[in-house]
Amino acid sequence: MVGLKKKSADDVKKVFHILDKDKSGFIEEDELGFILKGFSPDARDLSAKETKTLMAAGDKDGDGKIGVDEFSTLVAES
């Protein structure tokens with residue numbers, strides 16, 4: 001997330017849509033586990049604990065998924 005902080009709001013939204021693999025408009029927990037691979041194909045998957053921690057940090061409304069606005073906020077706060 002740290003590298004995204006320097007990006008424009010439009011660039012952050014583009015990254016969100018890349019990470020939203022099923023194009024649902026949200027990043028769900030199963031997609032979040034693979035977030036590092038969105039930046040590097042050789043990256044590792046997040047552990048279950050890391051995924052839950054990141055979901056808790058990003059899911060501001062408690063619906064169990066991260067929307068584009070929540071993702072933008074998460075990036076800005078990182």
# chains A, B, ... in the order shown; residues from 1 in each chain; ligands from 1
>>> select_by_dssp(residues="chain A", states="alpha helix (DSSP H)", output="number ranges by chain")
A: 9-19, 29-32, 48-58, 68-77
>>> residues_around(residues="range 7-9 of chain A", least_positions_apart="2", cutoff="12 Å", atoms="only C-alpha atoms", output="ChimeraX atom specification")
/A:1-5,11-16,68-69,71-73,75-76
>>> write_last_selection(atoms="C-alpha atoms", output="PDB file, in the first residue's frame")
ATOM      1  CA  MET A   1       0.000   0.000   0.000  1.00  0.00           C
ATOM      2  CA  VAL A   2       2.874   2.354   0.766  1.00  0.00           C
ATOM      3  CA  GLY A   3       3.869   2.723  -2.905  1.00  0.00           C
ATOM      4  CA  LEU A   4       0.270   3.554  -3.826  1.00  0.00           C
ATOM      5  CA  LYS A   5       0.136   6.505  -1.465  1.00  0.00           C
ATOM      6  CA  ASP A  11      -4.396   5.516 -10.346  1.00  0.00           C
ATOM      7  CA  VAL A  12      -5.528   4.143  -6.975  1.00  0.00           C
ATOM      8  CA  LYS A  13      -8.963   3.401  -8.471  1.00  0.00           C
ATOM      9  CA  LYS A  14      -7.321   1.640 -11.422  1.00  0.00           C
ATOM     10  CA  VAL A  15      -5.378  -0.568  -8.986  1.00  0.00           C
ATOM     11  CA  PHE A  16      -8.607  -1.299  -7.112  1.00  0.00           C
ATOM     12  CA  VAL A  68     -13.370   1.562  -3.946  1.00  0.00           C
ATOM     13  CA  ASP A  69     -13.833   4.440  -1.466  1.00  0.00           C
ATOM     14  CA  PHE A  71      -9.685   1.138  -0.609  1.00  0.00           C
ATOM     15  CA  SER A  72      -8.781   4.758  -1.360  1.00  0.00           C
ATOM     16  CA  THR A  73      -9.041   5.579   2.351  1.00  0.00           C
ATOM     17  CA  VAL A  75      -4.206   3.669   0.838  1.00  0.00           C
ATOM     18  CA  ALA A  76      -4.297   7.255   2.144  1.00  0.00           C
TER      19      ALA A  76
END
>>> closest_residue(among="A:Ala48, A:Ala43, A:Leu36, A:Ile27", to="Lys65 in chain A", atoms="only C-alpha atoms")
A:Ile27
>>> residues_around(residues="Leu32 in chain A", least_positions_apart="4", cutoff="10 Å", atoms="only C-alpha atoms", output="ChimeraX atom specification")
/A:19-21,27-28,36-38,45-46,48,50-52,54-55,65-66
>>> atom_distance(atom1="CA of Asp10 in chain A", atom2="CA of Asp63 in chain A")
24.1 Å
>>> select_by_dssp(residues="range 22-67 of chain A", states="strand (DSSP E or B)", output="number ranges by chain")
A: 26-28, 65-67
>>> atom_distance(atom1="CA of Gly58 in chain A", atom2="CA of Ile18 in chain A")
16.7 Å
